[in-house]
file start07.txt (compact mmCIF, C-alpha atoms)
# COMPACT_ATOMS: atom_id res chain seq x y z
CA MET A 1 11.00 -35.46 -66.16
CA PRO A 2 11.93 -32.26 -64.30
CA ALA A 3 13.78 -32.85 -61.06
CA LEU A 4 10.96 -31.14 -59.16
CA LEU A 5 8.72 -34.10 -59.85
CA LEU A 6 11.00 -36.79 -58.48
CA GLY A 7 10.85 -38.41 -55.03
CA THR A 8 13.70 -39.92 -53.08
CA SER A 9 14.35 -43.06 -51.12
CA CYS A 10 17.81 -42.21 -49.79
CA LYS A 11 18.55 -43.66 -46.38
CA LYS A 12 19.86 -40.36 -45.05
CA THR A 13 18.75 -37.38 -47.04
CA LEU A 14 21.06 -34.40 -47.44
CA ASP A 15 18.98 -32.47 -49.99
CA GLN A 16 17.76 -29.92 -47.52
CA GLN A 17 16.90 -27.36 -50.19
CA PRO A 18 14.33 -28.89 -52.57
CA GLN A 19 14.31 -27.63 -56.12
CA THR A 20 11.72 -24.94 -56.62
CA SER A 21 11.87 -23.91 -60.26
CA LEU A 22 10.18 -25.40 -63.29
CA ASP A 23 9.75 -24.31 -66.89
CA ALA A 24 5.96 -24.16 -66.99
CA SER A 25 5.99 -23.32 -70.69
CA THR A 26 7.08 -26.90 -71.46
CA GLY A 27 6.04 -28.89 -68.38
CA TYR A 28 2.35 -28.18 -67.84
CA THR A 29 0.79 -27.22 -71.16
CA THR A 30 -0.61 -30.64 -72.10
CA ARG A 31 -2.79 -33.28 -70.47
CA GLN A 32 0.15 -35.66 -70.42
CA GLY A 33 2.39 -33.08 -68.76
CA ILE A 34 -0.21 -32.35 -66.09
CA GLU A 35 -0.76 -36.05 -65.41
CA ALA A 36 2.99 -36.55 -64.99
CA GLY A 37 3.02 -33.54 -62.68
CA ILE A 38 0.28 -35.07 -60.52
CA SER A 39 2.47 -38.12 -60.06
CA GLY A 40 5.15 -35.71 -58.90
CA VAL A 41 2.80 -34.30 -56.27
CA TYR A 42 2.32 -37.77 -54.80
CA ASP A 43 6.08 -38.28 -55.01
CA GLY A 44 6.41 -35.19 -52.84
CA LEU A 45 4.56 -37.00 -50.06
CA GLN A 46 6.96 -39.92 -50.46
CA GLN A 47 10.12 -37.93 -49.76
CA THR A 48 12.28 -38.87 -46.77
CA GLY A 49 11.47 -35.59 -45.01
CA TYR A 50 7.76 -36.17 -45.33
CA MET A 51 5.68 -39.35 -45.04
CA THR A 52 8.45 -41.79 -45.90
CA VAL A 53 10.46 -41.24 -42.71
CA ASN A 54 10.82 -38.02 -40.72
CA PHE A 55 7.29 -36.65 -40.50
CA LEU A 56 5.91 -40.17 -40.06
CA ILE A 57 8.32 -41.21 -37.29
CA PHE A 58 9.15 -38.05 -35.34
CA PRO A 59 5.66 -37.50 -33.82
CA ASP A 60 5.95 -40.90 -32.09
CA LEU A 61 9.63 -40.40 -31.21
CA TYR A 62 8.93 -36.95 -29.70
CA ALA A 63 6.16 -38.50 -27.60
CA ASP A 64 6.01 -41.82 -25.75
CA ASN A 65 5.59 -44.50 -28.43
CA LEU A 66 9.20 -44.80 -29.57
CA THR A 67 12.65 -45.05 -28.00
CA TRP A 68 15.83 -43.88 -29.72
CA THR A 69 18.33 -46.73 -30.03
CA GLY A 70 20.61 -45.42 -32.77
CA THR A 71 23.35 -42.89 -33.42
CA PHE A 72 21.90 -39.97 -35.41
CA PRO A 73 22.41 -36.78 -33.34
CA THR A 74 19.44 -35.15 -35.07
CA TRP A 75 17.19 -38.01 -33.95
CA SER A 76 18.66 -37.85 -30.46
CA GLN A 77 17.50 -34.23 -30.25
CA VAL A 78 13.96 -35.29 -31.12
CA PHE A 79 13.89 -38.15 -28.58
CA ASN A 80 15.42 -35.99 -25.84
CA LYS A 81 13.08 -33.05 -26.53
CA SER A 82 16.05 -30.78 -27.21
CA VAL A 83 15.63 -29.95 -30.90
CA LEU A 84 17.84 -27.14 -32.19
CA ALA A 85 16.91 -24.72 -34.95
CA ASP A 86 19.73 -26.05 -37.14
CA ASN A 87 18.53 -29.68 -36.98
CA THR A 88 18.84 -30.85 -40.60
CA ASP A 89 16.15 -33.51 -40.32
CA ILE A 90 13.63 -30.94 -39.10
CA ALA A 91 14.73 -28.74 -42.01
CA SER A 92 14.05 -31.62 -44.38
CA ILE A 93 10.49 -31.82 -43.07
CA TRP A 94 9.93 -28.11 -43.64
CA ASN A 95 11.52 -28.16 -47.08
CA HIS A 96 9.91 -31.34 -48.36
CA ILE A 97 6.43 -30.34 -47.21
CA ASN A 98 6.82 -26.89 -48.78
CA GLY A 99 8.21 -28.51 -51.91
CA THR A 100 5.10 -30.70 -52.09
CA ILE A 101 2.94 -27.59 -51.79
CA ASN A 102 4.78 -26.03 -54.72
CA ARG A 103 4.23 -29.13 -56.84
CA ALA A 104 0.51 -28.94 -56.06
CA ASN A 105 0.47 -25.20 -56.79
CA ASN A 106 1.86 -25.88 -60.26
CA ILE A 107 -0.99 -28.25 -61.13
CA ILE A 108 -3.72 -26.10 -59.58
CA ALA A 109 -2.50 -23.09 -61.57
CA ALA A 110 -1.97 -24.88 -64.89
CA ALA A 111 -4.90 -27.31 -65.04
CA PRO A 112 -7.61 -24.72 -65.89
CA GLY A 113 -5.74 -23.86 -69.10
CA ILE A 114 -5.79 -27.39 -70.53
CA THR A 115 -8.43 -27.78 -73.25
CA ASP A 116 -7.92 -31.48 -74.04
CA ALA A 117 -11.37 -33.13 -73.83
CA ALA A 118 -9.80 -36.25 -72.32
CA PHE A 119 -8.36 -34.29 -69.40
CA LEU A 120 -10.20 -34.78 -66.08
CA LYS A 121 -9.66 -31.21 -64.97
CA ASP A 122 -11.78 -31.16 -61.83
CA ARG A 123 -10.26 -34.39 -60.58
CA ALA A 124 -6.73 -33.11 -61.13
CA ILE A 125 -7.41 -29.88 -59.26
CA GLY A 126 -9.26 -31.69 -56.46
CA GLU A 127 -6.44 -34.15 -55.89
CA CYS A 128 -3.86 -31.40 -55.64
CA GLU A 129 -6.05 -29.17 -53.46
CA THR A 130 -6.46 -32.05 -51.02
CA ILE A 131 -2.72 -32.70 -50.89
CA ARG A 132 -1.98 -28.98 -50.53
CA ALA A 133 -4.49 -28.82 -47.66
CA LEU A 134 -2.84 -31.82 -46.00
CA ALA A 135 0.61 -30.27 -46.39
CA TYR A 136 -0.40 -26.96 -44.81
CA PHE A 137 -2.19 -28.81 -42.02
CA ASP A 138 0.94 -30.85 -41.35
CA LEU A 139 3.07 -27.69 -41.24
CA ILE A 140 0.65 -26.21 -38.70
CA ARG A 141 0.68 -29.39 -36.62
CA MET A 142 4.46 -29.33 -36.32
CA PHE A 143 5.49 -25.69 -36.55
CA GLY A 144 2.35 -23.71 -35.76
CA GLY A 145 -0.43 -23.29 -33.24
CA SER A 146 0.09 -22.29 -29.60
CA PRO A 147 2.16 -23.85 -26.81
CA THR A 148 -1.10 -25.09 -25.26
CA GLY A 149 -2.69 -26.49 -28.41
CA TYR A 150 -4.32 -25.58 -31.68
CA ASN A 151 -6.93 -23.11 -32.92
CA GLN A 152 -6.44 -20.68 -30.07
CA THR A 153 -6.37 -16.91 -30.16
CA GLY A 154 -3.06 -15.69 -31.53
CA GLY A 155 -1.96 -19.09 -32.80
CA LEU A 156 1.08 -18.99 -35.07
CA GLY A 157 0.81 -20.02 -38.69
CA VAL A 158 3.23 -20.60 -41.55
CA PRO A 159 3.94 -18.72 -44.79
CA LEU A 160 1.12 -19.22 -47.29
CA ARG A 161 2.37 -19.66 -50.85
CA LEU A 162 -0.51 -20.36 -53.21
CA LYS A 163 1.17 -19.54 -56.51
CA PRO A 164 3.73 -21.80 -58.17
CA THR A 165 7.41 -20.96 -57.88
CA LEU A 166 8.44 -20.83 -61.53
CA ASN A 167 11.68 -18.89 -61.51
CA THR A 168 14.44 -17.54 -59.29
CA ALA A 169 12.52 -14.35 -58.54
CA ASP A 170 9.55 -16.38 -57.28
CA ALA A 171 11.83 -18.59 -55.20
CA ASN A 172 13.46 -15.56 -53.59
CA GLU A 173 10.17 -13.84 -52.74
CA LYS A 174 9.97 -13.18 -49.01
CA VAL A 175 6.67 -14.36 -47.53
CA ALA A 176 5.90 -13.77 -43.86
CA ARG A 177 4.02 -16.21 -41.66
CA SER A 178 0.24 -16.01 -41.79
CA SER A 179 -1.81 -16.53 -38.66
CA GLU A 180 -2.90 -20.04 -37.75
CA ALA A 181 -6.51 -18.99 -38.37
CA ASP A 182 -5.71 -17.77 -41.90
CA VAL A 183 -3.94 -21.04 -42.72
CA TYR A 184 -6.97 -23.01 -41.52
CA THR A 185 -9.19 -20.82 -43.69
CA GLN A 186 -7.13 -21.76 -46.74
CA ILE A 187 -7.05 -25.45 -45.78
CA LEU A 188 -10.84 -25.57 -45.49
CA LYS A 189 -11.28 -23.65 -48.72
CA ASP A 190 -9.13 -26.18 -50.56
CA LEU A 191 -10.95 -29.13 -49.03
CA ASP A 192 -14.42 -27.76 -49.69
CA ASP A 193 -13.55 -27.23 -53.35
CA ALA A 194 -11.93 -30.66 -53.58
CA ILE A 195 -14.96 -32.39 -52.08
CA VAL A 196 -17.10 -30.92 -54.85
CA LYS A 197 -14.63 -31.77 -57.62
CA LEU A 198 -13.48 -35.28 -56.67
CA PRO A 199 -15.20 -38.56 -57.57
CA LEU A 200 -15.86 -41.24 -54.96
CA THR A 201 -13.45 -43.66 -56.61
CA ILE A 202 -10.12 -43.31 -58.40
CA SER A 203 -7.33 -45.87 -58.47
CA ALA A 204 -5.56 -47.23 -55.38
CA GLY A 205 -3.36 -44.66 -53.72
CA ARG A 206 -5.10 -41.65 -55.26
CA VAL A 207 -7.05 -39.03 -53.37
CA ASN A 208 -10.83 -39.29 -53.80
CA LYS A 209 -13.88 -37.54 -52.33
CA ASN A 210 -13.89 -39.60 -49.13
CA VAL A 211 -10.21 -38.83 -48.54
CA ALA A 212 -10.98 -35.12 -48.70
CA ILE A 213 -13.98 -35.54 -46.39
CA ALA A 214 -11.99 -37.61 -43.87
CA LEU A 215 -9.14 -35.09 -43.95
CA LYS A 216 -11.56 -32.23 -43.32
CA ALA A 217 -12.92 -34.19 -40.35
CA ARG A 218 -9.37 -34.52 -39.00
CA VAL A 219 -8.83 -30.77 -39.41
CA GLN A 220 -12.11 -29.96 -37.69
CA LEU A 221 -11.16 -32.25 -34.81
CA TYR A 222 -8.08 -30.08 -34.26
CA ARG A 223 -10.21 -26.94 -34.55
CA GLN A 224 -12.71 -28.29 -32.02
CA ALA A 225 -15.48 -27.95 -34.62
CA TRP A 226 -17.14 -31.01 -33.12
CA ALA A 227 -20.48 -30.90 -34.94
CA ASP A 228 -18.86 -30.62 -38.36
CA ALA A 229 -16.38 -33.38 -37.51
CA GLU A 230 -19.25 -35.68 -36.50
CA THR A 231 -21.17 -34.95 -39.71
CA LEU A 232 -18.12 -35.51 -41.91
CA THR A 233 -17.08 -38.75 -40.23
CA THR A 234 -20.61 -40.10 -40.52
CA GLN A 235 -20.47 -39.40 -44.26
CA VAL A 236 -17.36 -41.57 -44.57
CA ILE A 237 -18.59 -44.35 -42.29
CA THR A 238 -21.89 -44.66 -44.16
CA SER A 239 -20.48 -44.06 -47.66
CA VAL A 240 -21.57 -46.65 -50.21
CA ASN A 241 -19.87 -47.63 -53.46
CA THR A 242 -21.34 -48.23 -56.91
CA SER A 243 -22.45 -51.72 -55.82
CA ASN A 244 -24.49 -50.14 -52.99
CA ALA A 245 -22.21 -51.66 -50.37
CA LEU A 246 -20.30 -49.79 -47.68
CA SER A 247 -17.21 -48.18 -49.14
CA TYR A 248 -15.10 -49.21 -46.13
CA THR A 249 -15.33 -51.96 -43.50
CA LEU A 250 -13.02 -52.82 -40.63
CA VAL A 251 -10.71 -55.78 -41.07
CA SER A 252 -11.41 -58.51 -38.49
CA GLY A 253 -9.37 -58.39 -35.31
CA GLY A 254 -7.62 -61.67 -35.97
CA SER A 255 -6.39 -60.29 -39.29
CA TYR A 256 -5.34 -56.90 -37.91
CA GLY A 257 -1.77 -57.21 -39.19
CA THR A 258 -2.97 -57.75 -42.75
CA ILE A 259 -4.09 -54.12 -42.88
CA TYR A 260 -0.40 -53.39 -43.44
CA THR A 261 0.88 -56.54 -45.13
CA SER A 262 -1.87 -57.01 -47.72
CA LYS A 263 -2.13 -53.37 -48.92
CA ASN A 264 -5.32 -51.44 -49.69
CA SER A 265 -7.49 -53.38 -47.26
CA SER A 266 -11.22 -52.89 -46.82
CA GLU A 267 -10.63 -50.23 -44.15
CA SER A 268 -7.96 -48.31 -46.05
CA ILE A 269 -9.24 -44.91 -47.13
CA TRP A 270 -5.88 -43.73 -48.46
CA GLU A 271 -2.41 -45.19 -48.39
CA LEU A 272 0.73 -44.21 -50.25
CA GLN A 273 1.78 -46.93 -52.65
CA PHE A 274 5.33 -48.29 -52.55
CA GLY A 275 6.97 -51.06 -54.55
CA ALA A 276 10.34 -52.51 -55.48
CA THR A 277 11.08 -49.67 -57.90
CA ASP A 278 9.66 -47.00 -55.57
CA ALA A 279 10.71 -48.20 -52.13
CA ASN A 280 10.91 -46.56 -48.72
CA ASN A 281 13.23 -46.95 -45.73
CA ILE A 282 10.81 -47.04 -42.82
CA ALA A 283 11.52 -50.62 -41.73
CA PHE A 284 15.23 -49.98 -42.31
CA TYR A 285 15.25 -47.41 -39.50
CA TYR A 286 13.31 -49.68 -37.13
CA TYR A 287 14.82 -53.08 -37.74
CA PRO A 288 18.06 -54.49 -36.25
CA THR A 289 21.28 -54.82 -38.24
CA SER A 290 20.86 -58.60 -38.25
CA LEU A 291 17.84 -58.08 -40.52
CA GLY A 292 19.46 -55.43 -42.69
CA GLY A 293 18.23 -52.44 -40.75
CA ARG A 294 19.82 -49.58 -38.84
CA ASN A 295 18.19 -50.08 -35.42
CA GLU A 296 17.69 -46.34 -35.00
CA ILE A 297 14.39 -46.65 -33.09
CA SER A 298 12.36 -49.20 -31.13
CA SER A 299 8.83 -49.36 -29.78
CA SER A 300 8.75 -48.15 -26.19
CA THR A 301 7.99 -50.27 -23.17
CA ASN A 302 5.67 -47.45 -22.09
CA MET A 303 3.49 -48.16 -25.12
CA ARG A 304 3.79 -51.93 -24.62
CA ASP A 305 2.47 -51.62 -21.10
CA ALA A 306 -0.50 -49.52 -22.23
CA PHE A 307 -2.05 -52.49 -24.04
CA GLU A 308 -4.59 -54.55 -22.14
CA THR A 309 -4.23 -58.31 -21.88
CA GLY A 310 -5.51 -59.98 -25.02
CA ASP A 311 -5.29 -56.90 -27.25
CA LEU A 312 -4.83 -58.23 -30.78
CA ARG A 313 -2.92 -55.08 -31.79
CA LYS A 314 -0.14 -55.46 -29.25
CA ASN A 315 2.30 -57.64 -31.21
CA VAL A 316 1.78 -55.56 -34.36
CA ASN A 317 2.84 -52.41 -32.49
CA PHE A 318 5.37 -53.94 -30.08
CA SER A 319 6.63 -57.04 -31.82
CA THR A 320 8.33 -60.04 -30.24
CA THR A 321 10.08 -61.02 -33.50
CA PRO A 322 12.01 -58.86 -34.09
CA ALA A 323 12.05 -57.83 -30.45
CA SER A 324 10.62 -54.44 -29.44
CA LYS A 325 9.93 -53.28 -33.01
CA GLN A 326 6.65 -53.24 -34.97
CA LEU A 327 5.05 -55.08 -37.89
CA LYS A 328 3.29 -52.24 -39.67
CA TYR A 329 6.44 -51.58 -41.71
CA SER A 330 8.39 -54.82 -41.93
CA GLN A 331 10.05 -54.93 -45.37
CA VAL A 332 13.66 -53.73 -45.13
CA ASN A 333 15.09 -54.30 -48.60
CA PRO A 334 13.24 -53.34 -50.63
CA GLY A 335 10.94 -51.27 -48.43
CA VAL A 336 7.67 -52.03 -50.20
CA ASP A 337 5.31 -51.37 -47.26
CA ASP A 338 2.61 -48.85 -48.08
CA VAL A 339 2.22 -45.88 -45.74
CA MET A 340 -1.19 -45.60 -44.15
CA MET A 341 -2.48 -42.06 -44.56
CA MET A 342 -6.07 -42.57 -43.46
CA ARG A 343 -8.20 -45.53 -42.43
CA LEU A 344 -11.66 -46.24 -41.11
CA SER A 345 -10.64 -46.87 -37.50
CA GLU A 346 -9.35 -43.30 -37.19
CA VAL A 347 -12.64 -42.02 -38.57
CA TYR A 348 -14.58 -43.95 -35.91
CA LEU A 349 -12.35 -42.54 -33.17
CA THR A 350 -12.73 -39.01 -34.53
CA ARG A 351 -16.50 -39.41 -34.44
CA ALA A 352 -16.34 -40.90 -30.95
CA GLU A 353 -14.38 -37.93 -29.64
CA SER A 354 -16.64 -35.43 -31.40
CA ARG A 355 -19.76 -37.09 -30.03
CA ALA A 356 -18.31 -37.14 -26.53
CA MET A 357 -17.51 -33.43 -26.73
CA LEU A 358 -21.05 -32.75 -27.97
CA GLY A 359 -22.55 -34.67 -25.03
CA ASN A 360 -23.71 -37.65 -27.10
CA LEU A 361 -22.18 -40.16 -24.71
CA THR A 362 -24.18 -43.13 -25.99
CA GLY A 363 -23.02 -42.56 -29.57
CA ALA A 364 -19.44 -41.93 -28.44
CA LEU A 365 -19.39 -45.17 -26.44
CA ALA A 366 -20.78 -47.14 -29.39
CA ASP A 367 -18.02 -45.85 -31.69
CA LEU A 368 -15.32 -46.49 -29.09
CA ASN A 369 -16.51 -50.06 -28.67
CA VAL A 370 -16.42 -50.71 -32.40
CA ILE A 371 -12.65 -50.28 -32.11
CA ARG A 372 -12.26 -52.12 -28.80
CA LEU A 373 -14.27 -55.14 -29.87
CA ARG A 374 -12.32 -55.39 -33.11
CA ALA A 375 -9.14 -55.45 -30.99
CA GLY A 376 -10.45 -58.46 -29.05
CA LEU A 377 -11.23 -56.45 -25.91
CA VAL A 378 -14.37 -56.27 -23.81
CA ALA A 379 -16.66 -53.33 -24.38
CA SER A 380 -15.92 -50.21 -22.38
CA ALA A 381 -18.45 -49.22 -19.75
CA ALA A 382 -17.26 -45.60 -19.48
CA ALA A 383 -20.26 -43.56 -18.39
CA THR A 384 -19.04 -40.00 -17.91
CA GLN A 385 -17.69 -37.59 -20.49
CA ALA A 386 -14.30 -37.49 -18.76
CA ASP A 387 -13.99 -41.28 -18.64
CA LEU A 388 -15.07 -41.60 -22.26
CA LEU A 389 -12.55 -39.03 -23.46
CA ALA A 390 -9.76 -40.74 -21.53
CA ALA A 391 -10.70 -44.09 -23.08
CA ILE A 392 -10.93 -42.62 -26.58
CA ARG A 393 -7.54 -40.95 -26.23
CA LYS A 394 -5.98 -44.23 -25.11
CA GLU A 395 -7.49 -46.04 -28.10
CA ARG A 396 -6.14 -43.40 -30.47
CA ARG A 397 -2.66 -43.96 -29.06
CA LEU A 398 -2.76 -47.72 -29.50
CA GLU A 399 -4.74 -47.93 -32.72
CA LEU A 400 -2.72 -45.27 -34.55
CA ALA A 401 0.74 -46.06 -33.17
CA HIS A 402 3.56 -45.67 -35.72
CA GLU A 403 1.27 -43.66 -38.01
CA GLY A 404 2.53 -40.16 -37.22
CA GLN A 405 -0.27 -39.02 -34.89
CA ARG A 406 0.80 -39.39 -31.27
CA PHE A 407 2.56 -36.12 -30.40
CA PHE A 408 0.01 -34.06 -32.29
CA ASP A 409 -2.78 -35.68 -30.30
CA LEU A 410 -0.95 -34.89 -27.07
CA ARG A 411 -0.69 -31.28 -28.23
CA ARG A 412 -4.42 -31.20 -28.90
CA TYR A 413 -5.06 -32.43 -25.35
CA ASN A 414 -2.38 -30.09 -23.91
CA GLN A 415 -0.84 -33.18 -22.30
CA THR A 416 2.65 -33.32 -23.82
CA GLY A 417 4.30 -33.13 -20.42
CA LEU A 418 7.02 -30.79 -21.73
CA THR A 419 8.24 -28.45 -19.01
CA GLN A 420 9.64 -26.10 -21.66
CA THR A 421 6.26 -25.44 -23.24
CA PHE A 422 7.75 -23.52 -26.19
CA ARG A 423 8.99 -26.93 -27.41
CA ASN A 424 5.41 -27.96 -28.17
CA LEU A 425 6.15 -26.16 -31.45
CA PHE A 426 9.14 -27.38 -33.42
CA PRO A 427 11.62 -24.67 -34.49
CA ILE A 428 11.36 -23.08 -37.91
CA PRO A 429 14.59 -24.19 -39.64
CA GLN A 430 17.32 -21.67 -38.99
CA SER A 431 18.19 -21.66 -42.69
CA GLU A 432 14.63 -20.53 -43.51
CA VAL A 433 14.78 -17.65 -41.05
CA ILE A 434 18.19 -16.54 -42.34
CA ASN A 435 17.32 -16.89 -46.04
CA SER A 436 14.13 -14.88 -45.54
CA GLY A 437 16.12 -11.98 -44.10
CA GLY A 438 14.04 -12.21 -40.95
CA THR A 439 10.70 -12.06 -42.80
CA VAL A 440 9.94 -15.52 -41.44
CA VAL A 441 10.03 -15.12 -37.66
CA GLN A 442 11.31 -17.98 -35.50
CA ASN A 443 9.01 -19.64 -32.98
CA PRO A 444 9.47 -18.09 -29.52
CA GLY A 445 12.00 -19.80 -27.29
CA TYR A 446 14.42 -20.99 -30.00

call {"tool": "encode", "arguments": {"input": "start07.txt", "output": "structure tokens"}}
result
Amino acid sequence: MPALLLGTSCKKTLDQQPQTSLDASTGYTTRQGIEAGISGVYDGLQQTGYMTVNFLIFPDLYADNLTWTGTFPTWSQVFNKSVLADNTDIASIWNHINGTINRANNIIAAAPGITDAAFLKDRAIGECETIRALAYFDLIRMFGGSPTGYNQTGGLGVPLRLKPTLNTADANEKVARSSEADVYTQILKDLDDAIVKLPLTISAGRVNKNVAIALKARVQLYRQAWADAETLTTQVITSVNTSNALSYTLVSGGSYGTIYTSKNSSESIWELQFGATDANNIAFYYYPTSLGGRNEISSSTNMRDAFETGDLRKNVNFSTTPASKQLKYSQVNPGVDDVMMMRLSEVYLTRAESRAMLGNLTGALADLNVIRLRAGLVASAAATQADLLAAIRKERRLELAHEGQRFFDLRRYNQTGLTQTFRNLFPIPQSEVINSGGTVVQNPGY
């Protein structure tokens, strides 16, 4: 298989320049070639720079959920809010996300030309459009927007590359940054097309219609498109399967930890699948050396103290054994924990926030209490919009801890607490700016 299609599980990745060329004349001219290529798109998400380590961990490390306890200087920069433009781990995020986009571009471009009757063309395109939309959204969340949040006038975007990079000339093409608004337009276009094309059910770990709908709801939350976010989340919450039962239901509070240990639970909308032959290193970075880990990060006492007495989620997110770690990713060698990309509790909290912003305080409170009651807590009695939003934001922090959301939520609220506000955007990798000959402009302040 071409190197472009392969993932990595290295404990410290040095491949900062992902491969970008592929012989399309041999790779993507058959159903079998396309199907192998789709696997490569998912592998792109599983790279160390993307959802296997850096992009998953850094949003909590840059905020208040994690403490740096290791020795990597690049991680120290993230924890200390002093990231430099030549930080190689930030470069790996940029490169691996853009590499995933290129993998998706290859499939989206080639799939229409396959005439094999057994080829599920719409599904293939829809899966890759959803992943491409996610990748561009993640680039915006980290490198784009405005110092005070997202979807504001003049917000910075990222370069939009919608055609596959097939040769050296394509790879060397200089593409300037689009506006944030133009990137959102493309993201929504991809998701709208994917929602039409995708079926409700595929196999575990694959993108389906509800994944695309839930992702669009997440995007609209960031864009403050509250009414659309409420409509989309309601679609997911009330979705029924072929047996006319709800597609997703929350796991009971007493079994909260099994969401992560059992894999593909009843509330899992999408999770990346890992196994012994396709392992990750997430627990390795958390866990102490006595358990085979590196002890690079720990759960913060700030997060620990945010949990109320009796919260069933506390020990999962701030564990006692091992001390000050977490139990969402607990398998060190091999790292077979799945990575949670999207689950029902997030959808409830998105709807709660959207309803609160729309003035539907009764509906917002009901959704908030679905999550609180599941956590073993008493129902909230928040009565004002301000109190409800504060309660919802707290629940998002605790419910979604260690899932790559925290700093981006703080950016949405304009509550990062950074005195150097330009650092609300991460720097475009210095290598990207240099290699583009200045076509790609650095974020102000770096």

call {"tool": "closest_residue", "arguments": {"input": "start07.txt", "among": "A:Asn295, A:Asn281, A:Thr148, A:Thr67", "to": "Thr419 of chain A", "atoms": "all atoms listed in the file"}}
result
A:Thr148

call {"tool": "atom_distance", "arguments": {"input": "start07.txt", "atom1": "atom CA of Ile195 of chain A", "atom2": "atom CA of Leu232 of chain A"}}
result
11.1 Å

call {"tool": "closest_residue", "arguments": {"input": "start07.txt", "among": "A:Ala401, A:Phe143, A:Arg393, A:Leu327", "to": "Glu353 of chain A", "atoms": "only C-alpha atoms"}}
result
A:Arg393

call {"tool": "residues_around", "arguments": {"input": "start07.txt", "residues": "Trp75 of chain A", "least_positions_apart": "2", "cutoff": "9 Å", "atoms": "all atoms listed in the file", "output": "list in words"}}
result
Phe58, Leu61, Trp68, Gly70, Thr71, Phe72, Pro73, Gln77, Val78, Phe79, Asn80, Val83, Asn87, Asp89 and Glu296 of chain A

call {"tool": "residues_around", "arguments": {"input": "start07.txt", "residues": "Lys121 of chain A", "least_positions_apart": "4", "cutoff": "12 Å", "atoms": "only C-alpha atoms", "output": "JSON, numbers by chain"}}
result
{"A": [30, 31, 34, 35, 38, 107, 108, 109, 110, 111, 112, 113, 114, 115, 116, 117, 125, 126, 127, 128, 194, 197, 198, 199]}

call {"tool": "residues_around", "arguments": {"input": "start07.txt", "residues": "segment 251-265 of chain A", "least_positions_apart": "4", "cutoff": "12 Å", "atoms": "only C-alpha atoms", "output": "JSON, numbers by chain"}}
result
{"A": [203, 204, 205, 206, 247, 269, 270, 271, 272, 273, 274, 275, 310, 311, 312, 313, 314, 315, 316, 317, 319, 326, 327, 328, 329, 330, 331, 335, 336, 337, 338, 339, 340, 341, 342, 343, 344, 345, 370, 371, 372, 373, 374, 375, 376, 377, 399, 402, 403]}

call {"tool": "atom_distance", "arguments": {"input": "start07.txt", "atom1": "atom CA of Ala214 of chain A", "atom2": "atom CA of Gln235 of chain A"}}
result
8.7 Å

call {"tool": "atom_distance", "arguments": {"input": "start07.txt", "atom1": "atom CA of Lys174 of chain A", "atom2": "atom CA of Val440 of chain A"}}
result
7.9 Å

call {"tool": "axis_aligned_box", "arguments": {"input": "start07.txt", "around": "segment 234-243 of chain A", "padding_each_side": "3 Å", "output": "AutoDock Vina command-line options"}}
result
--center_x -19.9 --center_y -45.6 --center_z -48.7 --size_x 11.1 --size_y 18.3 --size_z 22.4

call {"tool": "residues_near_point", "arguments": {"input": "start07.txt", "point": "(0.8, -27.4, -36.6)", "cutoff": "9 Å", "atoms": "all atoms listed in the file", "output": "JSON, numbers by chain"}}
result
{"A": [136, 137, 138, 139, 140, 141, 142, 143, 144, 145, 146, 149, 150, 156, 157, 158, 180, 408, 425, 426]}

call {"tool": "closest_residue", "arguments": {"input": "start07.txt", "among": "A:Ile202, A:Lys163, A:Gly154, A:Pro147", "to": "Leu120 of chain A", "atoms": "all atoms listed in the file"}}
result
A:Ile202

call {"tool": "closest_residue", "arguments": {"input": "start07.txt", "among": "A:Ser178, A:Tyr348, A:Ala323, A:Arg294", "to": "Thr233 of chain A", "atoms": "all atoms listed in the file"}}
result
A:Tyr348

call {"tool": "closest_residue", "arguments": {"input": "start07.txt", "among": "A:Ala356, A:Val332, A:Leu191, A:Ala366", "to": "Ala276 of chain A", "atoms": "all atoms listed in the file"}}
result
A:Val332

call {"tool": "build_atoms", "arguments": {"input": "start07.txt", "residues": "segment 212-218 of chain A", "atoms": "N, CA and C atoms", "output": "mmCIF file, in the coordinates of the input"}}
result
data_model
loop_
_atom_site.group_PDB
_atom_site.id
_atom_site.type_symbol
_atom_site.label_atom_id
_atom_site.label_comp_id
_atom_site.auth_asym_id
_atom_site.auth_seq_id
_atom_site.Cartn_x
_atom_site.Cartn_y
_atom_site.Cartn_z
ATOM 1 N N ALA A 212 -10.842 -36.541 -49.013
ATOM 2 C CA ALA A 212 -10.980 -35.120 -48.700
ATOM 3 C C ALA A 212 -11.937 -34.897 -47.531
ATOM 4 N N ILE A 213 -13.017 -35.675 -47.490
ATOM 5 C CA ILE A 213 -13.980 -35.540 -46.390
ATOM 6 C C ILE A 213 -13.335 -35.978 -45.072
ATOM 7 N N ALA A 214 -12.634 -37.114 -45.095
ATOM 8 C CA ALA A 214 -11.990 -37.610 -43.870
ATOM 9 C C ALA A 214 -10.904 -36.651 -43.393
ATOM 10 N N LEU A 215 -10.163 -36.062 -44.335
ATOM 11 C CA LEU A 215 -9.140 -35.090 -43.950
ATOM 12 C C LEU A 215 -9.783 -33.847 -43.340
ATOM 13 N N LYS A 216 -10.888 -33.399 -43.912
ATOM 14 C CA LYS A 216 -11.560 -32.230 -43.320
ATOM 15 C C LYS A 216 -12.040 -32.562 -41.916
ATOM 16 N N ALA A 217 -12.510 -33.789 -41.705
ATOM 17 C CA ALA A 217 -12.920 -34.190 -40.350
ATOM 18 C C ALA A 217 -11.749 -34.131 -39.388
ATOM 19 N N ARG A 218 -10.569 -34.573 -39.842
ATOM 20 C CA ARG A 218 -9.370 -34.520 -39.000
ATOM 21 C C ARG A 218 -9.027 -33.073 -38.658
#
